[in-house]
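Here is run-v3.txt, consisting of compact mmCIF, C-alpha atoms:
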# COMPACT_ATOMS: atom_id res chain seq x y z
CA MET A 14 91.24 121.13 91.77
CA SER A 15 94.77 120.08 92.63
CA ALA A 16 95.48 116.39 91.98
CA ASP A 17 97.24 116.00 95.30
CA LYS A 18 94.57 117.67 97.39
CA GLN A 19 93.32 115.64 100.33
CA VAL A 20 89.66 114.73 100.07
CA VAL A 21 87.29 113.20 102.58
CA ILE A 22 86.23 109.66 101.72
CA THR A 23 83.54 107.73 103.53
CA GLN A 24 85.40 104.62 104.67
CA LYS A 25 83.42 101.36 104.90
CA THR A 26 83.85 100.12 108.48
CA ASP A 27 81.66 98.54 111.13
CA GLU A 28 80.75 102.06 112.17
CA THR A 29 80.65 104.68 109.42
CA SER A 30 83.47 107.15 109.85
CA GLN A 31 85.23 109.82 107.85
CA VAL A 32 88.88 109.37 106.96
CA LEU A 33 91.28 111.60 105.08
CA LEU A 34 93.02 109.83 102.21
CA ASP A 35 95.22 111.36 99.57
CA ILE A 36 93.24 110.02 96.63
CA LYS A 37 92.62 112.13 93.60
CA ALA A 38 89.46 114.29 93.49
CA PRO A 39 86.62 114.10 92.71
CA GLU A 40 85.57 112.36 95.88
CA LEU A 41 85.08 108.61 95.79
CA ASP A 42 82.67 107.09 98.24
CA SER A 43 83.84 103.83 99.81
CA LEU A 44 80.34 103.01 101.03
CA GLN A 45 78.81 103.53 97.60
CA LEU A 46 81.49 101.45 95.90
CA ASN A 47 81.45 98.87 98.73
CA ILE A 48 85.24 98.65 98.76
CA ASN A 49 87.96 99.73 101.18
CA PHE A 50 90.43 102.50 100.48
CA LYS A 51 92.27 102.28 103.78
CA PRO A 52 94.92 99.54 104.20
CA THR A 53 93.84 96.78 106.58
CA GLY A 54 95.85 93.96 108.10
CA ASP A 55 99.47 93.03 107.56
CA TYR A 56 100.26 92.98 103.84
CA LYS A 57 102.34 89.81 103.85
CA ALA A 58 99.79 88.06 106.04
CA ASN A 59 97.07 89.05 103.56
CA ILE A 60 99.08 87.52 100.70
CA ASP A 61 99.84 84.34 102.63
CA LYS A 62 96.16 83.90 103.51
CA ILE A 63 95.21 84.07 99.83
CA ILE A 64 97.56 81.21 99.01
CA VAL A 65 96.08 79.14 101.84
CA ASP A 66 92.52 79.92 100.73
CA ARG A 67 93.23 78.77 97.18
CA ALA A 68 93.34 75.15 98.38
CA TYR A 69 89.67 75.44 99.38
CA PHE A 70 88.65 76.42 95.84
CA SER A 71 90.75 73.60 94.39
CA ARG A 72 88.90 71.06 96.53
CA LEU A 73 85.52 72.62 95.77
CA TYR A 74 86.22 72.49 92.03
CA GLN A 75 86.48 68.69 92.16
CA THR A 76 82.80 68.35 93.08
CA GLN A 77 81.20 71.71 92.15
CA SER A 78 83.23 73.34 89.39
CA THR A 79 80.72 76.07 88.56
CA LYS A 80 80.33 77.10 92.19
CA ALA A 81 84.12 77.08 92.62
CA ILE A 82 84.62 79.44 89.67
CA ASP A 83 81.80 81.77 90.73
CA THR A 84 82.90 82.04 94.36
CA ALA A 85 86.58 82.35 93.43
CA SER A 86 85.71 85.19 91.04
CA LYS A 87 84.01 87.12 93.84
CA TYR A 88 86.87 86.26 96.20
CA LEU A 89 89.54 87.60 93.84
CA TYR A 90 87.56 90.78 93.18
CA SER A 91 87.24 91.47 96.91
CA LYS A 92 90.81 90.54 97.83
CA LEU A 93 92.35 92.69 95.11
CA LEU A 94 90.28 95.79 95.86
CA ASN A 95 89.99 95.47 99.65
CA GLU A 96 93.20 93.85 100.85
CA ILE A 97 95.91 94.20 98.18
CA VAL A 98 95.43 97.53 96.41
CA PRO A 99 94.70 99.71 99.49
CA HIS A 100 98.27 99.17 100.67
CA TRP A 101 99.53 100.50 97.32
CA TYR A 102 97.66 103.82 97.24
CA ASN A 103 100.11 106.76 97.10
CA THR A 104 103.09 104.53 96.29
CA GLN A 105 105.25 106.75 94.11
CA TRP A 106 105.25 106.28 90.34
CA ASP A 107 108.46 106.12 88.36
CA PHE A 108 108.96 104.98 84.77
CA ASN A 109 111.55 102.46 85.94
CA GLY A 110 109.95 101.66 89.32
CA HIS A 111 109.56 97.99 90.21
CA THR A 112 109.26 97.76 93.99
CA ASN A 113 107.78 94.57 95.40
CA SER A 114 106.60 96.31 98.58
CA PRO A 115 103.80 98.90 98.72
CA ASN A 116 104.86 102.43 99.70
CA GLU A 117 108.50 101.42 99.66
CA GLY A 118 110.31 102.66 96.58
CA GLU A 119 108.58 103.36 93.28
CA ILE A 120 106.33 101.47 90.89
CA ALA A 121 105.72 101.84 87.14
CA CYS A 122 102.27 101.22 85.69
CA GLY A 123 103.07 97.78 84.28
CA TYR A 124 104.76 96.65 87.47
CA PHE A 125 101.80 97.84 89.54
CA VAL A 126 99.54 95.50 87.59
CA SER A 127 101.89 92.53 87.43
CA THR A 128 102.97 92.82 91.07
CA THR A 129 99.46 93.10 92.49
CA LEU A 130 98.30 90.17 90.34
CA LYS A 131 101.23 88.10 91.55
CA HIS A 132 100.46 89.02 95.16
CA LEU A 133 96.84 88.05 94.48
CA GLY A 134 98.16 84.56 93.82
CA PHE A 135 98.52 84.42 90.05
CA ASN A 136 101.47 82.35 88.86
CA LEU A 137 103.42 84.79 86.69
CA ASN A 138 106.78 86.47 86.25
CA ARG A 139 106.05 90.06 87.26
CA TYR A 140 109.14 91.37 85.46
CA LYS A 141 108.38 89.71 82.13
CA MET A 142 104.73 90.73 82.24
CA ALA A 143 105.46 94.35 83.10
CA GLN A 144 107.96 94.66 80.26
CA GLN A 145 105.38 93.78 77.59
CA ALA A 146 103.21 96.09 75.55
CA GLY A 147 99.64 96.46 76.80
CA LEU A 148 98.24 94.13 74.12
CA ILE A 149 100.65 91.37 75.10
CA GLU A 150 99.85 91.80 78.80
CA ALA A 151 96.17 91.51 77.95
CA ARG A 152 96.84 88.31 76.01
CA MET A 153 98.50 86.81 79.09
CA LEU A 154 95.14 87.16 80.83
CA GLN A 155 92.68 86.27 78.08
CA SER A 156 92.75 84.73 74.61
CA ASN A 157 93.23 87.18 71.78
CA SER A 158 89.80 86.41 70.30
CA GLU A 159 88.08 87.39 73.57
CA LEU A 160 89.81 90.74 74.07
CA LYS A 161 87.85 93.91 73.46
CA ILE A 162 89.78 96.52 71.46
CA TYR A 163 88.46 100.00 70.78
CA ARG A 164 90.09 102.76 68.75
CA ASN A 165 89.43 106.49 68.47
CA GLN A 166 86.50 106.56 70.88
CA THR A 167 85.00 109.40 72.83
CA PHE A 168 84.69 108.58 76.50
CA GLU A 169 80.90 108.38 76.33
CA SER A 170 81.06 106.02 73.36
CA LEU A 171 83.64 103.83 75.09
CA LYS A 172 81.62 103.76 78.30
CA GLN A 173 78.46 102.78 76.43
CA LYS A 174 80.23 99.97 74.57
CA LEU A 175 81.88 98.59 77.69
CA ASN A 176 78.60 98.54 79.57
CA SER A 177 76.97 96.67 76.68
CA VAL A 178 79.50 93.81 76.82
CA TYR A 179 80.78 93.75 80.42
CA GLN A 180 79.25 93.37 83.85
CA ASP A 181 80.51 94.79 87.13
CA GLY A 182 84.06 93.64 87.75
CA ILE A 183 87.78 94.29 87.45
CA TYR A 184 89.37 94.52 84.02
CA PHE A 185 92.86 95.04 82.67
CA VAL A 186 93.26 97.93 80.23
CA GLY A 187 96.13 98.72 77.90
CA LEU A 188 96.34 102.21 76.44
CA ASP A 189 98.73 103.94 74.03
CA ASN A 190 101.61 104.05 76.52
CA HIS A 191 100.02 103.05 79.82
CA VAL A 192 98.26 100.16 81.58
CA GLY A 193 96.09 99.73 84.64
CA TYR A 194 92.85 98.31 85.98
CA VAL A 195 89.34 99.46 85.20
CA LEU A 196 86.65 98.86 87.79
CA ILE A 197 83.15 98.79 86.34
CA LYS A 198 80.62 99.40 89.08
CA ASP A 199 76.96 100.27 88.49
CA LYS A 200 77.84 101.26 84.90
CA GLU A 201 80.47 103.77 86.06
CA LEU A 202 84.15 103.38 85.09
CA TYR A 203 86.97 103.85 87.61
CA PHE A 204 90.65 103.85 86.66
CA LEU A 205 93.07 102.22 89.10
CA HIS A 206 96.71 102.66 88.13
CA SER A 207 100.20 103.89 88.93
CA SER A 208 99.69 107.33 87.48
CA TYR A 209 102.38 109.23 85.58
CA CYS A 210 99.97 112.17 85.71
CA ASP A 211 99.90 112.22 89.54
CA ASN A 212 103.18 110.41 90.22
CA LYS A 213 101.53 107.85 92.49
CA VAL A 214 99.04 104.98 92.65
CA VAL A 215 95.48 106.32 92.52
CA MET A 216 91.92 105.30 91.88
CA GLU A 217 89.81 107.87 90.09
CA LEU A 218 86.86 108.32 87.80
CA ALA A 219 88.05 107.28 84.36
CA GLU A 220 86.08 110.12 82.80
CA THR A 221 88.17 112.78 84.56
CA SER A 222 91.52 110.97 84.43
CA ALA A 223 94.10 112.70 82.24
CA CYS A 224 95.95 109.38 81.96
CA PHE A 225 92.90 107.57 80.58
CA VAL A 226 92.99 109.51 77.30
CA SER A 227 94.18 107.18 74.54
CA ASN A 228 93.79 106.36 70.85
CA ILE A 229 93.41 102.68 71.67
CA TYR A 230 91.94 100.71 74.57
CA VAL A 231 92.63 96.99 74.97
CA PHE A 232 90.51 95.25 77.62
CA ALA A 233 90.95 91.82 79.18
CA GLU A 234 88.62 90.39 81.80
CA ILE A 235 90.02 89.52 85.21
CA SER A 236 87.37 88.90 87.87
CA THR A 237 84.76 87.90 85.27
CA ASN A 238 87.16 85.64 83.33
CA SER A 239 86.28 82.01 84.12
CA SER A 240 89.31 80.63 82.31
CA LEU A 241 91.68 82.95 84.19
CA VAL A 242 90.01 82.19 87.53
CA LYS A 243 90.44 78.47 86.87
CA LYS A 244 94.15 79.07 86.20
CA TRP A 245 94.35 80.85 89.55
CA ILE A 246 92.63 77.98 91.33
CA PHE A 247 95.11 75.43 89.95
CA ASN A 248 98.14 77.74 90.02
CA ASP A 249 98.66 77.43 86.27
CA ARG A 250 101.44 79.57 84.85
CA LEU A 251 100.46 82.71 82.91
CA GLN A 252 102.86 82.80 79.99
CA VAL A 253 103.93 85.60 77.69
CA PRO A 254 102.40 84.62 74.32
CA SER A 255 104.98 83.46 71.81
CA HIS A 256 103.30 85.03 68.79

Could the structure of this file be written out as structure tokens, please?
Amino acid sequence: MSADKQVVITQKTDETSQVLLDIKAPELDSLQLNINFKPTGDYKANIDKIIVDRAYFSRLYQTQSTKAIDTASKYLYSKLLNEIVPHWYNTQWDFNGHTNSPNEGEIACGYFVSTTLKHLGFNLNRYKMAQQAGLIEARMLQSNSELKIYRNQTFESLKQKLNSVYQDGIYFVGLDNHVGYVLIKDKELYFLHSSYCDNKVVMELAETSACFVSNIYVFAEISTNSSLVKKWIFNDRLQVPSH
């Protein structure tokens, strides 16, 4: 099936409807995944609201730190998938792309990750992060000892190992020459990335993604990463590791 073929996706709305979105086949079901594929709201307003909301979690942390981390984790997961990323679908890929605005200009894989994380409210230099190798990007998000690194795996073996150590959530993945997000949902793996295979931002089943083939996979937790979520709450800088 052609990668740029339009497919019907069930869009999660107040009233179930069918919408046509140019997202790579096979069909992804918004209702089943419980996420939005269609852009909603004004993008800048969405970003500004996230910054305002962060103050709530900062106050909550002072009296209920565990609750603050748990609720902020769910908040970041939802905001990234439902309010940030949908605006980026179909933005054109280019090896040197670094646009700061969805569907205006082009975006490389590293810049897609660093830019969407920055817009999600993480304190980082999107240029410096995007210019790093996948392993270094992962280490900006999680300590080296907590990363999961797999080499020379079949997809089924990788999927089994990930499901044995991770829960549902959003993860960063670095591959041989590519980076993106992996969504784990009900033990299925979805690859969200600026695709050099399709020349645009897509979300697809990792199993059928030509871009997901790699000799090495480096995973860092995002939505399930308590330390990273705390850094988001307090606006701590995410630094490129010095060694």

- Return the single residue from A:Leu94, A:Ala121, A:Val192, A:Ile246 that is closest to Ala68 of chain A, with distances computed using all atoms listed in the file. A:Ile246

- What is the distance between atom CA of Ile82 of chain A and atom CA of Thr237 of chain A, in Å to one decimal? 9.5 Å

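Minimum distance to Pro52 of chain A across A:Asn113, A:Asn95, A:Thr79, A:Thr84 (counting all atoms listed in the file) occurs at A:Asn95.
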
- Message: Restricting the calculation to only C-alpha atoms: of A:Lys57, A:Arg72, A:Lys161, A:Lys198, which residue gets closest to Tyr90 of chain A?
- Response: A:Lys198

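You can rank A:His256, A:Leu175, A:Lys200, A:Phe247 by their closest distance to Gln75 of chain A using all atoms listed in the file, and at the top of that list sits A:Phe247.
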
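One finds atom CA of Asn157 of chain A at 24.9 Å from atom CA of Glu169 of chain A.
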
- Might you pull out every residue within 8 Å of segment 213-219 of chain A, with all atoms listed in the file counted and same-chain residues fewer than 3 positions away left off, and present them as an NGL selection string? :A and (36-39 or 41 or 101-106 or 195 or 202-209 or 222 or 225)

- Message: Using all atoms listed in the file, which protein or nucleic acid residues come within 12 Å of Ser239 of chain A? Drop anything in the same chain fewer than 4 positions from it, and give the result as an NGL selection string.
- Response: :A and (78-87 or 89 or 154-156 or 159 or 233-235 or 243-246)

Limited to C-alpha atoms, could you put the picked residues into a file as a CSV table (one decimal), in the frame of the given file?
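Listing of part.csv after writing:
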chain,number,residue,atom,x,y,z
A,78,SER,CA,83.2,73.3,89.4
A,79,THR,CA,80.7,76.1,88.6
A,80,LYS,CA,80.3,77.1,92.2
A,81,ALA,CA,84.1,77.1,92.6
A,82,ILE,CA,84.6,79.4,89.7
A,83,ASP,CA,81.8,81.8,90.7
A,84,THR,CA,82.9,82.0,94.4
A,85,ALA,CA,86.6,82.4,93.4
A,86,SER,CA,85.7,85.2,91.0
A,87,LYS,CA,84.0,87.1,93.8
A,89,LEU,CA,89.5,87.6,93.8
A,154,LEU,CA,95.1,87.2,80.8
A,155,GLN,CA,92.7,86.3,78.1
A,156,SER,CA,92.8,84.7,74.6
A,159,GLU,CA,88.1,87.4,73.6
A,233,ALA,CA,91.0,91.8,79.2
A,234,GLU,CA,88.6,90.4,81.8
A,235,ILE,CA,90.0,89.5,85.2
A,243,LYS,CA,90.4,78.5,86.9
A,244,LYS,CA,94.2,79.1,86.2
A,245,TRP,CA,94.4,80.8,89.6
A,246,ILE,CA,92.6,78.0,91.3

- Item | Asn109 of chain A environment, 10 Å, all atoms listed in the file, sequence neighbours closer than 3 positions dropped, as a PyMOL selection string | chain A and resi 106+112+119-124

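One distance worth recording is that between atom CA of Asn136 of chain A and atom CA of Asp249 of chain A, which is 6.2 Å.
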
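Closest approach to Thr128 of chain A among A:Ser91, A:Ser114, A:Asn49, A:Asn59: A:Ser114, based on only C-alpha atoms.
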
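Distances from A:Phe185, A:Tyr88, A:Phe50, A:Phe168 to Arg67 of chain A were compared using all atoms listed in the file, and the smallest one belongs to A:Tyr88.
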